[in-house]
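Novice: You'll find target_17.tsv just under this line, and it carries TSV, C-alpha atoms and all ligand atoms.
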chain	number	residue	atom	x	y	z
A	24	MET	CA	28.54	10.53	9.00
A	25	ALA	CA	25.92	9.65	11.61
A	26	ARG	CA	23.13	7.47	10.29
A	27	LEU	CA	19.61	8.89	10.18
A	28	LYS	CA	17.54	7.31	12.95
A	29	LEU	CA	14.23	5.87	11.75
A	30	ALA	CA	11.04	4.88	13.52
A	31	VAL	CA	8.97	2.51	11.39
A	32	LEU	CA	5.24	2.38	12.15
A	33	ILE	CA	3.36	-0.76	11.13
A	34	SER	CA	0.00	-2.45	11.55
A	35	GLY	CA	0.53	-5.85	9.97
A	36	ARG	CA	2.68	-8.00	7.72
A	37	GLY	CA	5.68	-5.66	7.64
A	38	SER	CA	7.19	-6.57	4.27
A	39	ASN	CA	8.16	-2.94	3.65
A	40	LEU	CA	9.68	-2.89	7.13
A	41	GLN	CA	11.66	-5.97	6.08
A	42	ALA	CA	12.93	-4.16	2.99
A	43	LEU	CA	14.14	-1.31	5.20
A	44	ILE	CA	15.73	-3.77	7.65
A	45	GLU	CA	17.63	-5.38	4.75
A	46	ALA	CA	18.78	-1.99	3.43
A	47	CYS	CA	20.01	-0.96	6.88
A	48	ARG	CA	22.11	-4.13	7.16
A	49	ASP	CA	24.55	-2.52	4.71
A	50	PRO	CA	26.98	-0.46	6.80
A	51	ALA	CA	27.16	2.03	3.91
A	52	TYR	CA	23.39	2.68	4.07
A	53	PRO	CA	22.94	6.11	5.70
A	54	ALA	CA	20.01	5.20	7.99
A	55	GLU	CA	19.24	2.81	10.85
A	56	ILE	CA	16.00	1.69	12.46
A	57	VAL	CA	15.86	2.59	16.16
A	58	LEU	CA	12.23	1.67	16.77
A	59	VAL	CA	9.46	-0.44	15.24
A	60	LEU	CA	6.13	0.68	16.58
A	61	ALA	CA	2.86	-1.19	15.98
A	62	ASN	CA	-0.70	-0.29	16.87
A	63	GLU	CA	-1.69	-3.96	16.54
A	64	PRO	CA	-0.20	-6.23	19.23
A	65	ASP	CA	-0.10	-9.23	16.88
A	66	ALA	CA	1.40	-7.43	13.86
A	67	LEU	CA	3.68	-9.90	12.08
A	68	GLY	CA	6.21	-7.13	11.49
A	69	LEU	CA	7.00	-7.09	15.23
A	70	GLU	CA	8.52	-10.56	14.83
A	71	ARG	CA	10.63	-9.33	11.91
A	72	ALA	CA	11.95	-6.50	14.09
A	73	LYS	CA	12.73	-8.82	16.99
A	74	ALA	CA	14.56	-11.19	14.62
A	75	ALA	CA	16.73	-8.22	13.60
A	76	ASN	CA	17.29	-7.10	17.21
A	77	ILE	CA	15.42	-3.86	16.70
A	78	PRO	CA	13.52	-2.41	19.70
A	79	THR	CA	9.73	-2.71	19.39
A	80	ARG	CA	6.80	-0.99	21.03
A	81	VAL	CA	3.07	-1.61	20.83
A	82	VAL	CA	0.82	1.41	21.21
A	83	ASP	CA	-2.65	-0.08	20.87
A	84	HIS	CA	-5.12	2.58	19.74
A	85	ARG	CA	-7.91	0.73	21.59
A	86	ASN	CA	-6.31	1.70	24.90
A	87	PHE	CA	-6.84	5.43	24.31
A	88	SER	CA	-10.00	7.46	24.71
A	89	ASP	CA	-9.37	9.61	21.64
A	90	ARG	CA	-7.01	10.08	18.73
A	91	PRO	CA	-4.94	12.94	20.19
A	92	ALA	CA	-4.13	10.79	23.26
A	93	PHE	CA	-3.13	7.85	21.03
A	94	GLU	CA	-0.97	10.07	18.86
A	95	ALA	CA	0.67	11.74	21.88
A	96	ALA	CA	1.73	8.25	22.99
A	97	LEU	CA	3.14	7.56	19.53
A	98	THR	CA	5.16	10.78	19.63
A	99	THR	CA	6.45	10.04	23.14
A	100	ALA	CA	7.71	6.62	22.02
A	101	ILE	CA	9.28	7.99	18.84
A	102	GLU	CA	11.03	10.82	20.70
A	103	ALA	CA	12.25	8.46	23.42
A	104	ALA	CA	13.88	6.31	20.75
A	105	GLY	CA	15.63	9.36	19.29
A	106	ALA	CA	14.16	8.86	15.81
A	107	ARG	CA	14.42	11.77	13.38
A	108	LEU	CA	12.38	10.32	10.49
A	109	VAL	CA	9.07	8.49	10.87
A	110	CYS	CA	8.28	5.91	8.17
A	111	LEU	CA	4.71	4.67	7.85
A	112	ALA	CA	4.91	1.16	6.42
A	113	GLY	CA	1.43	-0.31	6.21
A	114	PHE	CA	0.33	1.72	9.25
A	115	MET	CA	-3.43	1.58	8.85
A	116	ARG	CA	-4.57	4.32	11.27
A	117	LEU	CA	-5.37	7.80	10.01
A	118	LEU	CA	-3.13	10.36	11.66
A	119	GLY	CA	-4.53	13.67	12.87
A	120	GLU	CA	-3.45	17.22	12.38
A	121	GLY	CA	-1.42	17.44	15.60
A	122	PHE	CA	0.77	14.42	14.81
A	123	VAL	CA	1.25	15.46	11.19
A	124	ARG	CA	2.24	18.98	12.29
A	125	ARG	CA	4.67	17.65	14.93
A	126	TRP	CA	6.47	15.50	12.34
A	127	ARG	CA	6.04	17.73	9.31
A	128	ASP	CA	8.70	16.98	6.66
A	129	ARG	CA	9.96	14.14	8.89
A	130	LEU	CA	7.03	11.79	8.23
A	131	ILE	CA	6.77	9.66	5.09
A	132	ASN	CA	4.37	7.02	3.83
A	133	ILE	CA	4.23	4.37	1.13
A	134	HIS	CA	1.04	3.91	-0.82
A	135	PRO	CA	0.37	1.20	-3.43
A	136	SER	CA	-0.74	3.45	-6.30
A	137	LEU	CA	0.64	6.14	-8.53
A	138	LEU	CA	-0.63	9.05	-6.43
A	139	PRO	CA	-2.66	11.18	-6.75
A	140	ALA	CA	-4.63	8.34	-8.35
A	141	PHE	CA	-6.40	5.87	-6.08
A	142	ARG	CA	-5.93	7.36	-2.64
A	143	GLY	CA	-7.35	5.38	0.26
A	144	LEU	CA	-8.18	1.70	0.56
A	145	HIS	CA	-8.72	-1.03	-2.07
A	146	THR	CA	-6.34	0.65	-4.51
A	147	HIS	CA	-5.71	-2.41	-6.67
A	148	GLU	CA	-9.41	-3.26	-6.97
A	149	ARG	CA	-10.12	0.27	-8.12
A	150	ALA	CA	-7.16	0.37	-10.51
A	151	LEU	CA	-8.36	-2.85	-12.15
A	152	ALA	CA	-11.95	-1.58	-12.27
A	153	ALA	CA	-10.76	1.63	-13.93
A	154	GLY	CA	-8.88	-0.37	-16.57
A	155	VAL	CA	-5.60	1.49	-16.13
A	156	ARG	CA	-2.67	-0.07	-18.01
A	157	VAL	CA	0.00	1.19	-15.64
A	158	ALA	CA	-0.08	0.88	-11.85
A	159	GLY	CA	2.59	1.48	-9.24
A	160	CYS	CA	3.52	2.84	-5.86
A	161	THR	CA	4.50	6.13	-4.25
A	162	VAL	CA	6.61	7.26	-1.31
A	163	HIS	CA	5.54	10.71	-0.16
A	164	PHE	CA	5.73	13.16	2.73
A	165	VAL	CA	2.58	13.07	4.83
A	166	ARG	CA	0.22	16.02	4.99
A	167	GLU	CA	-3.16	16.45	6.68
A	168	ASN	CA	-5.11	14.81	3.85
A	169	THR	CA	-4.81	11.04	3.53
A	170	ASP	CA	-2.36	9.76	0.91
A	171	GLN	CA	-1.50	13.28	-0.14
A	172	GLY	CA	1.76	15.19	0.13
A	173	PRO	CA	4.98	15.91	-1.74
A	174	ILE	CA	6.01	12.88	-3.80
A	175	ILE	CA	9.56	11.57	-3.30
A	176	VAL	CA	9.80	8.42	-5.45
A	177	GLN	CA	7.37	6.46	-7.61
A	178	ALA	CA	7.67	3.21	-9.53
A	179	ALA	CA	5.36	2.09	-12.33
A	180	VAL	CA	4.46	-1.47	-13.31
A	181	PRO	CA	2.27	-2.71	-16.16
A	182	VAL	CA	-1.18	-4.11	-15.60
A	183	LEU	CA	-1.19	-7.43	-17.46
A	184	PRO	CA	-3.98	-9.42	-19.10
A	185	GLY	CA	-5.53	-11.79	-16.58
A	186	ASP	CA	-4.41	-9.74	-13.57
A	187	ASP	CA	-6.43	-10.03	-10.40
A	188	VAL	CA	-5.91	-8.08	-7.19
A	189	GLY	CA	-3.41	-10.58	-5.84
A	190	ARG	CA	-1.23	-10.65	-8.95
A	191	LEU	CA	-1.23	-6.88	-9.37
A	192	ALA	CA	-0.59	-6.27	-5.66
A	193	ALA	CA	2.35	-8.68	-5.73
A	194	ARG	CA	3.89	-6.95	-8.78
A	195	VAL	CA	3.51	-3.54	-7.13
A	196	LEU	CA	4.87	-4.82	-3.81
A	197	VAL	CA	8.16	-5.87	-5.42
A	198	GLN	CA	8.62	-2.23	-6.41
A	199	GLU	CA	7.51	-0.92	-3.00
A	200	HIS	CA	10.48	-2.78	-1.56
A	201	VAL	CA	12.75	-0.92	-4.00
A	202	VAL	CA	11.37	2.60	-3.68
A	203	TYR	CA	11.00	2.78	0.11
A	204	PRO	CA	14.68	2.14	0.90
A	205	LEU	CA	15.58	4.45	-2.00
A	206	ALA	CA	13.44	7.32	-0.68
A	207	VAL	CA	14.86	6.93	2.83
A	208	ARG	CA	18.39	6.90	1.45
A	209	LEU	CA	17.84	10.10	-0.54
A	210	ILE	CA	16.47	11.84	2.56
A	211	ALA	CA	19.30	10.53	4.74
A	212	GLU	CA	21.84	11.78	2.22
A	213	GLY	CA	20.31	15.25	2.52
A	214	ARG	CA	19.36	15.30	-1.15
A	215	VAL	CA	15.64	15.89	-0.71
A	216	THR	CA	14.15	19.36	-0.32
A	217	ILE	CA	10.57	20.52	-0.55
A	218	VAL	CA	10.01	23.61	-2.67
A	219	ALA	CA	6.47	24.92	-2.97
A	220	GLU	CA	5.15	21.54	-1.81
A	221	ARG	CA	7.05	19.64	-4.47
A	222	VAL	CA	10.12	17.51	-3.90
A	223	VAL	CA	13.43	18.45	-5.49
A	224	ILE	CA	16.14	15.77	-5.47
A	225	ALA	CA	19.73	16.88	-5.81
A	226	ASP	CA	21.78	15.00	-8.40
A	227	ALA	CA	18.92	12.70	-9.39
A	228	ARG	CA	19.63	10.25	-12.20
A	229	THR	CA	16.35	9.54	-13.91
A	230	PRO	CA	16.17	6.73	-16.46
A	231	ALA	CA	15.31	7.94	-19.93
A	232	GLY	CA	12.48	6.35	-21.87
A	233	ALA	CA	9.01	5.24	-20.93
A	234	LEU	CA	6.98	2.25	-19.93
A	235	VAL	CA	4.42	1.80	-22.72
A	236	ASN	CA	1.66	-0.77	-22.24
A	237	PRO	CA	0.83	-2.50	-24.53
A	238	GLY	CA	4.28	-2.38	-26.06
A	239	PRO	CA	4.81	-0.14	-29.08
A	240	GLU	CA	6.16	-3.11	-31.10
A	241	LEU	CA	2.55	-4.36	-31.55
B	301	LIG	C1	1.65	-2.05	1.42
B	301	LIG	O1	1.22	-2.47	0.15
B	301	LIG	C2	1.50	-0.56	1.57
B	301	LIG	O2	1.77	0.15	0.38
B	301	LIG	C3	0.05	-0.44	1.97
B	301	LIG	O3	-0.15	-1.50	2.86
B	301	LIG	C4	0.71	-2.57	2.52
B	301	LIG	C5	1.48	-2.97	3.75
B	301	LIG	O4	2.24	-4.12	3.51
B	301	LIG	N1	-0.23	0.82	2.56
B	301	LIG	C6	-1.36	1.50	2.37
B	301	LIG	O5	-2.30	1.07	1.72
B	301	LIG	C7	-1.42	2.85	3.07
B	301	LIG	N2	-2.47	3.65	2.53
B	301	LIG	P1	3.44	-4.52	4.46
B	301	LIG	O6	2.88	-4.53	5.89
B	301	LIG	O7	3.82	-5.89	4.01
B	301	LIG	O8	4.54	-3.52	4.29
Would you kindly transcribe this structure into structure tokens?
Specialist:
Amino acid sequence: MARLKLAVLISGRGSNLQALIEACRDPAYPAEIVLVLANEPDALGLERAKAANIPTRVVDHRNFSDRPAFEAALTTAIEAAGARLVCLAGFMRLLGEGFVRRWRDRLINIHPSLLPAFRGLHTHERALAAGVRVAGCTVHFVRENTDQGPIIVQAAVPVLPGDDVGRLAARVLVQEHVVYPLAVRLIAEGRVTIVAERVVIADARTPAGALVNPGPEL
């Protein structure tokens, strides 16, 4: 079966991009990255793409007079690469209605919280300030409102005594690198449908049990 062609949009470090690159190295993985697109010319992720021989493009938002013009350039680059699924991976520009409509149900994002909690920036700071005992990450389809849309996969991690933003972010990031390739695989396998703005996954195997924090053995 033909592999699903991905465009990965980044702004910086690109560790989630790296997780997708690693997944795609497996010939049995049903997707391949055909384009890495950055809005920041010095995004570290561009080097990761080049090291993996993946075509890169920079579309610098500062070179456009308004958001629709910037987003039209993004779409032109994505279409030229033949991508059929757009993966936001630490892409830190808000996307407007036109772009979201053009790529509706073909545009996914990863966010470092258990959505719908802690949308937006500084998620880990706010999770720690709220005193939550469980944090996590979410891969979801993108809709007009930021960090909102049908949820595909989530992973939960405990918040531990003594956590600071760095420690919590690192624990969540390990799971981001698990759930993003998983979500892409499920979509590429044709197992993901959206029914009444909720995701249904065909033949999903969900682990039984729960993460309880602090542990019930206390
Ligand atoms: C990741 O933690 C991702 O979840 C977050 O930015 C980081 C990018 O890291 N995205 C958002 O906050 C989007 N709202 P990476 O460049 O190493 O993948």
Novice: To box segment 208-226 of chain A, take all atoms listed in the file, fit an axis-aligned box, add 6 Å on each side, and give centre and edge lengths in Å to one decimal, as lines of an AutoDock Vina configuration file.
Specialist:
center_x = 13.5
center_y = 15.9
center_z = -1.8
size_x = 28.7
size_y = 30.0
size_z = 25.1
Novice: Could you state the separation of atom CA of Asp226 of chain A and atom CA of Leu209 of chain A in Å, given to one decimal place?
Specialist: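 We find that atom CA of Asp226 of chain A and atom CA of Leu209 of chain A lie 10.1 Å from each other.
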Novice: Would you mind listing the residues within 6 Å of ligand LIG 301 (chain B), counting all atoms listed in the file, as a list in words?
Specialist: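 Counting all atoms listed in the file, the residues within 6 Å of ligand LIG 301 (chain B) come out as Gly35, Arg36, Gly37, Ser38, Asn39, Leu40, Ala112, Gly113, Ile133, His134, Pro135, Gly143 and Leu196 of chain A.
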Novice: Tell me, in Å to one decimal, how far atom CA of Leu130 of chain A is from atom CA of Ala61 of chain A.
Specialist: 15.7 Å
Novice: Residues near Gly119 of chain A, anyone? I mean within 12 Å using all atoms listed in the file, not counting same-chain ones fewer than 3 positions away, as a CSV table (one decimal) with C-alpha atoms, in the frame of the given file.
Specialist:
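Saved result, out15.csv, follows:
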chain,number,residue,atom,x,y,z
A,89,ASP,CA,-9.4,9.6,21.6
A,90,ARG,CA,-7.0,10.1,18.7
A,91,PRO,CA,-4.9,12.9,20.2
A,92,ALA,CA,-4.1,10.8,23.3
A,93,PHE,CA,-3.1,7.8,21.0
A,94,GLU,CA,-1.0,10.1,18.9
A,95,ALA,CA,0.7,11.7,21.9
A,97,LEU,CA,3.1,7.6,19.5
A,116,ARG,CA,-4.6,4.3,11.3
A,122,PHE,CA,0.8,14.4,14.8
A,123,VAL,CA,1.2,15.5,11.2
A,124,ARG,CA,2.2,19.0,12.3
A,125,ARG,CA,4.7,17.6,14.9
A,126,TRP,CA,6.5,15.5,12.3
A,127,ARG,CA,6.0,17.7,9.3
A,165,VAL,CA,2.6,13.1,4.8
A,166,ARG,CA,0.2,16.0,5.0
A,167,GLU,CA,-3.2,16.4,6.7
A,168,ASN,CA,-5.1,14.8,3.8
A,169,THR,CA,-4.8,11.0,3.5
Novice: Would you please work out which residue, of A:Val176, A:Ile56, A:Leu241, A:Ala96, is nearest to Thr229 of chain A when using only C-alpha atoms?
Specialist: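 For Thr229 of chain A, the nearest of the given residues is A:Val176.
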Novice: Using all atoms listed in the file, collect all residues at a distance of at most 10 Å from (15.8, 18.5, -5.1) as written in the file, then present them as a VMD selection string.
Specialist: chain A and resid 175 209 213 to 218 221 to 227
Novice: Which residue, A:Val57, A:Leu137, A:Leu144, A:Val235, has the smallest gap to Thr161 of chain A when you use only C-alpha atoms?
Specialist: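 Answer, going by the shortest atom-to-atom distance: A:Leu137.
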Novice: Suppose you want the space between atom CA of Gln177 of chain A and atom CA of Glu45 of chain A; what is it in Å?
Specialist: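 About the pair atom CA of Gln177 of chain A and atom CA of Glu45 of chain A: they are 20.0 Å apart.
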Novice: Quick one: of A:Ala103, A:Val109, A:Asp128, A:Leu32, who's nearest to Gly68 of chain A, counting only C-alpha atoms?
Specialist: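 Nearest to Gly68 of chain A: A:Leu32.
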Novice: I'd like to know which of A:Leu183, A:Ala25, A:Arg194, A:Val162 is closest to Ala51 of chain A, using all atoms listed in the file.
Specialist: A:Ala25
